[in-house]
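K.L.:
Got a structure for you, work-v3.cif, holding mmCIF, C-alpha atoms.
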data_protein
#
loop_
_atom_site.label_atom_id
_atom_site.label_comp_id
_atom_site.auth_asym_id
_atom_site.auth_seq_id
_atom_site.Cartn_x
_atom_site.Cartn_y
_atom_site.Cartn_z
CA MET A 1 122.89 80.58 120.83
CA SER A 2 124.57 82.43 117.99
CA GLU A 3 122.27 80.61 115.63
CA LEU A 4 119.26 81.92 117.54
CA LEU A 5 120.63 85.47 117.30
CA LEU A 6 121.14 85.06 113.59
CA ARG A 7 117.59 83.88 113.16
CA LEU A 8 116.38 86.81 115.23
CA GLU A 9 118.26 89.19 112.95
CA ILE A 10 116.73 87.65 109.85
CA LEU A 11 113.33 87.74 111.49
CA THR A 12 113.45 91.48 112.24
CA SER A 13 114.33 92.38 108.67
CA ASP A 14 111.82 89.88 107.36
CA LEU A 15 109.02 91.00 109.67
CA SER A 16 109.31 94.62 108.60
CA GLN A 17 108.44 93.64 105.03
CA ARG A 18 105.37 91.62 105.89
CA PRO A 19 101.86 92.95 105.46
CA GLU A 20 100.77 91.76 108.90
CA THR A 21 103.30 94.03 110.61
CA ALA A 22 102.01 97.09 108.78
CA ILE A 23 98.38 96.13 109.34
CA VAL A 24 98.86 95.42 113.04
CA LEU A 25 100.60 98.78 113.52
CA THR A 26 97.86 100.65 111.65
CA LEU A 27 94.96 99.01 113.47
CA ALA A 28 96.69 99.33 116.84
CA ALA A 29 97.36 103.04 116.27
CA TYR A 30 93.77 103.53 115.13
CA PHE A 31 92.21 101.96 118.20
CA ALA A 32 94.74 103.62 120.51
CA GLY A 33 93.77 106.93 118.90
CA LEU A 34 90.08 106.26 119.56
CA ARG A 35 90.85 105.30 123.17
CA LEU A 36 92.98 108.38 123.71
CA PHE A 37 90.20 110.50 122.21
CA GLY A 38 87.82 109.11 124.83
CA TRP A 39 90.29 109.75 127.64
CA LEU A 40 90.70 113.36 126.54
CA ARG A 41 86.90 113.67 126.72
CA SER A 42 86.39 113.93 122.96
CA PRO A 43 88.01 117.29 122.19
CA ALA A 44 86.48 118.90 119.10
CA TRP A 45 89.78 120.49 118.06
CA CYS A 46 91.56 117.16 117.80
CA PRO A 47 89.58 114.37 116.13
CA PRO A 48 90.58 110.72 116.68
CA ILE A 49 92.03 110.42 113.17
CA LEU A 50 94.63 113.11 113.95
CA LEU A 51 95.60 111.40 117.22
CA ALA A 52 95.80 108.04 115.46
CA ALA A 53 97.91 109.44 112.62
CA CYS A 54 100.36 111.00 115.11
CA LEU A 55 100.59 107.74 117.05
CA LEU A 56 101.21 105.78 113.86
CA ALA A 57 103.89 108.23 112.73
CA GLY A 58 105.54 107.92 116.14
CA LEU A 59 105.50 104.12 115.94
CA LEU A 60 107.00 104.14 112.45
CA ALA A 61 109.70 106.58 113.51
CA LEU A 62 110.67 104.48 116.55
CA LEU A 63 110.66 101.09 114.88
CA PRO A 64 113.30 100.02 112.37
CA LEU A 65 110.70 100.17 109.64
CA ASP A 66 110.98 102.19 106.48
CA TYR A 67 107.93 104.23 105.40
CA THR A 68 108.10 102.82 101.85
CA GLU A 69 108.23 99.28 103.26
CA TYR A 70 105.28 100.12 105.49
CA ARG A 71 103.28 101.55 102.58
CA HIS A 72 103.96 98.42 100.60
CA GLY A 73 102.86 96.11 103.40
CA VAL A 74 99.76 98.05 104.34
CA GLY A 75 98.51 97.90 100.75
CA TRP A 76 96.39 94.92 101.72
CA LEU A 77 94.42 97.19 104.02
CA THR A 78 94.33 100.38 101.97
CA TRP A 79 93.06 98.46 98.97
CA LEU A 80 89.72 98.45 100.82
CA LEU A 81 89.49 102.17 100.08
CA GLY A 82 88.23 101.15 96.62
CA PRO A 83 85.21 99.08 97.73
CA ALA A 84 84.58 101.57 100.57
CA THR A 85 84.30 104.41 98.05
CA VAL A 86 81.90 102.33 95.96
CA ALA A 87 79.89 101.63 99.13
CA LEU A 88 79.13 105.36 99.41
CA GLY A 89 76.67 104.81 96.57
CA VAL A 90 74.34 103.04 99.03
CA PRO A 91 73.58 106.04 101.31
CA LEU A 92 73.46 108.16 98.19
CA TYR A 93 70.69 105.97 96.79
CA GLN A 94 68.86 105.82 100.11
CA GLN A 95 68.69 109.61 100.29
CA VAL A 96 67.93 110.21 96.65
CA HIS A 97 64.50 111.69 97.39
CA HIS A 98 66.13 114.40 99.51
CA ILE A 99 68.63 115.09 96.79
CA ARG A 100 65.90 115.35 94.14
CA THR A 101 64.07 118.06 96.02
CA LEU A 102 67.31 119.97 96.53
CA TRP A 103 68.94 119.62 93.12
CA ARG A 104 68.89 123.37 92.49
CA PRO A 105 70.85 124.50 95.55
CA ILE A 106 73.25 121.60 95.01
CA VAL A 107 73.93 122.45 91.38
CA LEU A 108 74.31 126.15 92.18
CA THR A 109 76.54 125.69 95.23
CA LEU A 110 78.90 123.05 93.91
CA PRO A 111 80.90 124.90 91.22
CA PRO A 112 81.68 128.11 93.14
CA ALA A 113 82.24 126.27 96.44
CA ALA A 114 84.56 123.63 94.95
CA MET A 115 86.50 126.22 92.97
CA LEU A 116 86.89 128.43 96.04
CA ALA A 117 88.04 125.50 98.19
CA ALA A 118 91.01 125.13 95.84
CA GLY A 119 91.28 128.83 94.99
CA TYR A 120 91.58 130.13 98.55
CA ALA A 121 94.39 127.69 99.37
CA VAL A 122 96.38 128.36 96.20
CA GLY A 123 95.78 132.10 96.49
CA ILE A 124 96.92 132.35 100.10
CA ALA A 125 99.96 130.13 99.53
CA TRP A 126 100.86 132.17 96.43
CA LEU A 127 100.62 135.42 98.36
CA LEU A 128 103.00 133.89 100.92
CA ASP A 129 105.49 133.09 98.13
CA ALA A 130 105.12 129.31 98.06
CA PRO A 131 106.94 127.56 95.18
CA PRO A 132 104.87 126.03 92.32
CA GLN A 133 105.32 122.47 93.61
CA VAL A 134 103.69 123.42 96.90
CA LEU A 135 100.85 125.21 95.11
CA ALA A 136 100.22 122.12 92.97
CA SER A 137 100.17 119.91 96.07
CA LEU A 138 97.70 122.12 97.93
CA ALA A 139 95.25 122.73 95.07
CA PRO A 140 93.24 119.46 95.33
CA LYS A 141 93.21 119.52 99.16
CA SER A 142 89.42 119.22 99.44
CA VAL A 143 89.16 116.27 97.06
CA THR A 144 88.87 112.67 98.20
CA ALA A 145 92.28 110.93 98.41
CA PRO A 146 92.18 108.61 95.36
CA ILE A 147 91.09 111.38 92.97
CA ALA A 148 93.28 114.05 94.57
CA MET A 149 96.39 111.91 94.06
CA GLY A 150 95.70 111.73 90.34
CA ILE A 151 95.11 115.49 90.12
CA THR A 152 98.26 116.49 92.00
CA GLN A 153 100.41 114.22 89.85
CA GLU A 154 98.99 115.87 86.77
CA LEU A 155 99.75 119.33 88.17
CA GLY A 156 103.28 118.36 89.21
CA GLY A 157 102.81 118.37 92.98
CA SER A 158 104.04 116.06 95.73
CA VAL A 159 101.68 113.24 96.68
CA SER A 160 102.88 113.02 100.28
CA LEU A 161 102.51 116.75 100.85
CA LEU A 162 99.02 116.45 99.38
CA MET A 163 98.14 113.62 101.76
CA GLY A 164 99.26 115.74 104.70
CA ALA A 165 97.21 118.62 103.33
CA LEU A 166 94.20 116.28 103.11
CA LEU A 167 94.57 115.39 106.79
CA ILE A 168 94.82 119.03 107.92
CA THR A 169 91.99 120.09 105.62
CA GLY A 170 89.70 117.28 106.73
CA VAL A 171 90.31 117.99 110.42
CA MET A 172 90.01 121.74 109.95
CA ALA A 173 86.85 121.48 107.83
CA THR A 174 85.18 119.23 110.41
CA LEU A 175 86.08 121.65 113.17
CA SER A 176 85.16 124.87 111.39
CA ILE A 177 81.88 123.58 109.97
CA THR A 178 80.79 122.29 113.38
CA LEU A 179 81.60 125.65 114.97
CA LEU A 180 80.26 127.81 112.14
CA ALA A 181 77.00 125.85 112.01
CA ARG A 182 76.52 126.32 115.74
CA TRP A 183 77.43 129.97 115.54
CA GLY A 184 75.29 130.64 112.46
CA ASN A 185 72.38 128.65 113.90
CA ILE A 186 72.31 126.17 111.00
CA HIS A 187 70.71 122.86 111.97
CA ASP A 188 69.76 121.52 108.55
CA GLN A 189 71.55 118.17 108.24
CA ARG A 190 71.53 118.49 104.47
CA VAL A 191 73.42 121.80 104.51
CA ILE A 192 75.93 120.70 107.15
CA GLY A 193 76.47 117.32 105.47
CA PHE A 194 76.99 118.80 102.03
CA ALA A 195 79.48 121.34 103.40
CA LEU A 196 81.35 118.59 105.30
CA GLY A 197 81.71 116.39 102.22
CA LEU A 198 82.58 119.24 99.87
CA ASN A 199 85.31 120.73 102.07
CA GLY A 200 86.38 117.85 104.26
CA HIS A 201 86.28 114.82 101.87
CA ALA A 202 86.36 111.40 103.65
CA ILE A 203 87.19 112.84 107.08
CA GLY A 204 84.26 115.25 106.87
CA THR A 205 82.01 112.47 105.58
CA VAL A 206 82.83 110.23 108.55
CA ARG A 207 81.88 113.12 110.85
CA ALA A 208 78.64 113.67 108.88
CA PHE A 209 77.58 110.06 109.43
CA ASP A 210 78.03 110.70 113.17
CA ILE A 211 75.50 113.53 112.89
CA GLY A 212 72.94 111.39 111.07
CA PRO A 213 72.16 109.39 107.92
CA THR A 214 70.87 112.43 106.01
CA ALA A 215 74.01 114.43 106.76
CA GLY A 216 76.06 111.37 105.75
CA ALA A 217 74.30 111.00 102.43
CA PHE A 218 74.71 114.67 101.59
CA ALA A 219 78.36 114.47 102.59
CA SER A 220 78.88 111.49 100.26
CA LEU A 221 77.19 113.49 97.54
CA GLY A 222 79.28 116.60 98.25
CA MET A 223 82.47 114.58 98.36
CA SER A 224 81.86 112.72 95.11
CA LEU A 225 80.61 115.74 93.17
CA THR A 226 83.58 117.83 94.34
CA GLY A 227 85.93 115.02 93.30
CA VAL A 228 84.44 114.64 89.84
CA PHE A 229 84.09 118.38 89.24
CA THR A 230 87.59 119.28 90.47
CA ALA A 231 89.17 116.49 88.45
CA LEU A 232 87.62 118.07 85.37
CA TRP A 233 88.21 121.80 85.86
CA LEU A 234 91.40 122.07 87.93
CA PRO A 235 93.94 120.57 85.47
CA LEU A 236 92.35 122.56 82.64
CA MET A 237 92.49 125.83 84.57
CA TRP A 238 96.02 125.11 85.79
CA HIS A 239 97.36 124.71 82.28
CA LEU A 240 95.48 127.77 81.03
CA MET A 241 96.96 129.94 83.76
CA GLY A 242 100.43 128.51 83.16
CA MET B 1 78.60 86.83 107.62
CA LEU B 2 77.78 85.35 104.23
CA SER B 3 75.52 88.30 103.62
CA ILE B 4 78.48 90.67 104.13
CA LEU B 5 80.55 88.60 101.72
CA ARG B 6 77.85 88.66 99.07
CA GLY B 7 77.57 92.42 99.47
CA PHE B 8 81.35 92.72 99.28
CA LEU B 9 81.29 90.78 96.03
CA ILE B 10 78.82 93.28 94.55
CA LEU B 11 80.91 96.25 95.73
CA THR B 12 84.11 94.79 94.34
CA ALA B 13 82.41 93.93 91.05
CA PHE B 14 81.30 97.56 90.76
CA LEU B 15 84.85 98.65 91.56
CA MET B 16 86.02 96.52 88.63
CA LEU B 17 83.31 97.97 86.45
CA GLY B 18 84.46 101.45 87.49
CA ASP B 19 88.03 100.47 86.62
CA ILE B 20 86.99 99.32 83.17
CA THR B 21 84.89 102.44 82.53
CA VAL B 22 87.69 104.78 83.59
CA GLU B 23 90.29 102.99 81.43
CA LEU B 24 88.04 102.61 78.42
CA PHE B 25 86.86 106.23 78.26
CA ALA B 26 90.05 107.75 79.73
CA LEU B 27 88.03 109.53 82.43
CA PRO B 28 89.80 111.78 84.97
CA LEU B 29 88.20 109.83 87.85
CA SER B 30 89.33 107.22 90.32
CA SER B 31 87.81 103.80 89.75
CA GLY B 32 86.24 103.94 93.21
CA VAL B 33 84.26 107.07 92.42
CA ALA B 34 83.26 105.75 88.98
CA GLY B 35 82.13 102.53 90.69
CA MET B 36 80.15 104.50 93.23
CA LEU B 37 78.33 106.44 90.53
CA LEU B 38 77.61 103.24 88.58
CA LEU B 39 76.28 101.56 91.73
CA THR B 40 74.00 104.51 92.43
CA PHE B 41 72.62 104.40 88.86
CA TRP B 42 72.10 100.65 89.09
CA LEU B 43 70.24 101.00 92.40
CA LEU B 44 68.10 103.79 90.92
CA LEU B 45 67.17 101.55 88.01
CA ARG B 46 66.39 98.60 90.25
CA ARG B 47 64.64 100.72 92.89
CA ARG B 48 65.53 98.15 95.55
CA LEU B 49 68.43 97.80 97.95
CA SER B 50 69.43 94.26 98.89
CA ASP B 51 70.25 93.46 102.52
CA ASP B 52 73.61 92.11 101.40
CA LEU B 53 74.68 95.44 100.01
CA GLY B 54 73.58 97.26 103.14
CA ALA B 55 75.40 94.79 105.38
CA ALA B 56 78.67 95.19 103.48
CA SER B 57 78.62 98.92 102.88
CA GLN B 58 77.93 100.07 106.42
CA PRO B 59 81.12 98.76 108.06
CA LEU B 60 83.24 99.84 105.09
CA ILE B 61 81.97 103.42 105.28
CA GLY B 62 82.71 103.45 109.01
CA MET B 63 86.29 102.45 108.19
CA LEU B 64 87.00 105.29 105.74
CA ALA B 65 89.06 107.32 108.19
CA LEU B 66 91.18 104.28 109.07
CA LEU B 67 91.78 103.53 105.40
CA ILE B 68 93.29 106.91 104.56
CA MET B 69 95.52 106.92 107.65
CA PRO B 70 98.51 105.09 106.12
CA GLY B 71 98.62 107.64 103.31
CA VAL B 72 98.39 110.74 105.43
CA VAL B 73 101.20 109.76 107.82
CA GLY B 74 103.56 109.95 104.84
CA ILE B 75 103.75 113.68 105.50
CA PHE B 76 105.73 113.08 108.70
CA PHE B 77 108.46 111.40 106.68
CA GLN B 78 108.81 114.13 104.08
CA ALA B 79 109.63 116.91 106.50
CA ASP B 80 113.03 117.83 105.00
CA GLU B 81 111.73 118.27 101.49
CA PHE B 82 109.48 121.17 102.46
CA SER B 83 111.45 122.64 105.35
CA GLY B 84 110.98 126.40 105.45
CA GLN B 85 107.57 126.02 103.82
CA TRP B 86 105.68 124.62 106.77
CA LEU B 87 104.37 127.88 108.16
CA THR B 88 103.11 128.94 104.73
CA ILE B 89 101.48 125.55 104.19
CA PHE B 90 99.77 125.60 107.57
CA ILE B 91 98.50 129.16 107.23
CA ALA B 92 97.24 128.50 103.71
CA LEU B 93 95.45 125.27 104.67
CA ILE B 94 93.86 126.50 107.87
CA LEU B 95 92.77 129.88 106.60
CA SER B 96 91.52 128.58 103.25
CA THR B 97 89.54 125.74 104.82
CA LEU B 98 87.91 128.14 107.24
CA LEU B 99 87.00 130.50 104.40
CA SER B 100 85.70 127.79 102.09
CA SER B 101 83.65 126.16 104.88
CA LEU B 102 82.08 129.53 105.56
CA THR B 103 81.35 130.10 101.86
CA THR B 104 79.76 126.70 101.35
CA LEU B 105 77.57 126.88 104.45
CA TRP B 106 76.44 130.40 103.61
CA LEU B 107 75.70 129.66 99.93
CA MET B 108 73.91 126.39 100.59
CA GLN B 109 71.90 127.75 103.51
CA ARG B 110 70.71 130.73 101.46
CA LEU B 111 69.76 128.58 98.49
CA VAL B 112 68.03 125.93 100.58
CA SER B 113 65.92 128.32 102.60
CA THR B 114 64.69 130.47 99.70
CA PRO B 115 61.96 128.11 98.36
CA ARG B 116 58.74 127.71 100.36
CA GLU B 117 59.46 124.20 101.64
CA ARG B 118 61.23 124.39 104.98
CA PRO B 119 63.73 121.77 106.06
CA ASP B 120 62.51 119.77 109.01
CA GLU B 121 64.98 117.29 110.32
#
I'd like the structure from this file rewritten - as structure tokens, please.

P.N.:
Amino acid sequence: MSELLLRLEILTSDLSQRPETAIVLTLAAYFAGLRLFGWLRSPAWCPPILLAACLLAGLLALLPLDYTEYRHGVGWLTWLLGPATVALGVPLYQQVHHIRTLWRPIVLTLPPAAMLAAGYAVGIAWLLDAPPQVLASLAPKSVTAPIAMGITQELGGSVSLLMGALLITGVMATLSITLLARWGNIHDQRVIGFALGLNGHAIGTVRAFDIGPTAGAFASLGMSLTGVFTALWLPLMWHLMG
Amino acid sequence: MLSILRGFLILTAFLMLGDITVELFALPLSSGVAGMLLLTFWLLLRRRLSDDLGAASQPLIGMLALLIMPGVVGIFFQADEFSGQWLTIFIALILSTLLSSLTTLWLMQRLVSTPRERPDE
């Protein structure tokens, strides 16, 4: 009996370090989030990803599982973010004829819009007396996760605060663009998609693919251009402004 | 199933290629984004999309939100570090995202609708 208890004890500490535990928790929280979203009759103010993230956080807090251990184990799953980002090249290629006819608005919108996405956040936080570390973590908030992590490290911010900022920004961008487009009577999938990708990175892009393939392609384009452009100008500007 | 695997092989090979490009030229990009740009160029040169690539990319794109979930929950476990800052952070994020969404939509809509060709979706 005591031997069984001992084995159980070893098992619990062992299980928490295994990738399957982390992956099961993540997938379970994801699907529970989707289910809950359906039960709540798909509220626009609370997308499934936010519900799922809260559920996952709750699970991790309740279980005797360290967040660093979890992050380590779930690496098997999050590694897929790499190939998934590459996969965005496919819709981009499929919609290239649309993009060709619209290259002028795209080129003219991107720099001011991407700079303002960062500028508004840093400006408002600065006015509210946020310390430099917080400013550096909020600056790349509209950039897709893998690029944004690199930028915030270069600026001296906190990666986990940035990731939280990405979640809030993605959710908020999805919500505000949906509402603003309805309110402003904008139905052009290309405009809505581009705005979703530029401001709402991967979360906005997922929403854009729900709207349609054209919106999705323009969101992929907006997301990747914002990522590339911000990675180039933000660190430069940051160091210039001290 | 094999088609998905073949497509996955292509995607992962382009990820590697992106990795190599980023390291070699010290680019400020993630290897995923570099790989995506390389894949787009390659497809533009070939002018043909294989079924394999389509079969593998579609489910992966649908999974994007799931894939960033483990990262974003980290924020719930850092609460002490930024205590006292939360209100500022929330106000800054929500207000700035609203403003920048408005700016982008307005700019893009104006620029798109100026030329004679009208969007018809």

K.L.:
Which distance in Å separates CA of Arg104 in chain A and CA of Met237 in chain A, to one decimal?

P.N.:
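Answer for the CA of Arg104 in chain A to CA of Met237 in chain A separation: 25.0 Å.
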
K.L.:
Convert the output of the PyMOL selection byres ((chain B and resi 110) around 12) on the shown file into explicit residues, formatted as a list in words.

P.N.:
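Evaluating the PyMOL selection byres ((chain B and resi 110) around 12) on this file yields Arg104, Pro105, Ile106, Leu108, Thr109, Gly184, Ile186, Asp188 and Val191 of chain A; Thr103, Thr104, Leu105, Trp106, Leu107, Met108, Gln109, Leu111, Val112, Ser113, Thr114, Pro115 and Arg118 of chain B.
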
K.L.:
Would you tabulate, counting only C-alpha atoms, all residues of range 73-158 of chain A that have an atom at most 7 Å from an atom of range 43-62 of chain B, showing the closest pair of atoms and their distance in Å to one decimal, sorted by chain then ascending number, as JSON lines?

P.N.:
{"residue": "A:Ala84", "atom": "CA", "partner": "B:Leu60", "partner_atom": "CA", "distance": 5.0}
{"residue": "A:Ala87", "atom": "CA", "partner": "B:Ser57", "partner_atom": "CA", "distance": 4.8}
{"residue": "A:Leu88", "atom": "CA", "partner": "B:Ile61", "partner_atom": "CA", "distance": 6.8}
{"residue": "A:Tyr93", "atom": "CA", "partner": "B:Leu43", "partner_atom": "CA", "distance": 6.6}

K.L.:
Neighbours of Tyr70 in chain A within 8 Å (only C-alpha atoms; same-chain residues fewer than 2 positions away dropped), as a list in words?

P.N.:
Ser16, Gln17, Pro19, Ala22, Leu65, Asp66, Tyr67, Thr68, His72, Gly73 and Val74 of chain A

K.L.:
Quick one: pull the distance between CA of Leu102 in chain A and CA of Tyr120 in chain A, Å, one decimal.

P.N.:
26.4 Å

K.L.:
Show me which bits of chain B are within 7 Å of chain A, counting all atoms listed in the file, as a PyMOL selection string.

P.N.:
chain B and resi 11-12+15+28-30+32-33+35-37+39-40+43-44+57+60-62+64-67+69-76+88-89+92-94+96-98+100-101+103-105+107-109+111-112+119+121

K.L.:
Rank nothing, just name the residue among A:Trp183, A:Val143, A:Leu36, A:Pro213 nearest to Gly197 in chain A, using only C-alpha atoms.

P.N.:
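When distances to Gly197 in chain A are compared using only C-alpha atoms, the smallest one comes from A:Val143.
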
K.L.:
Could you tell me how far CA of Ala13 in chain B sits from CA of Leu38 in chain B, in Å to one decimal place?

P.N.:
10.8 Å
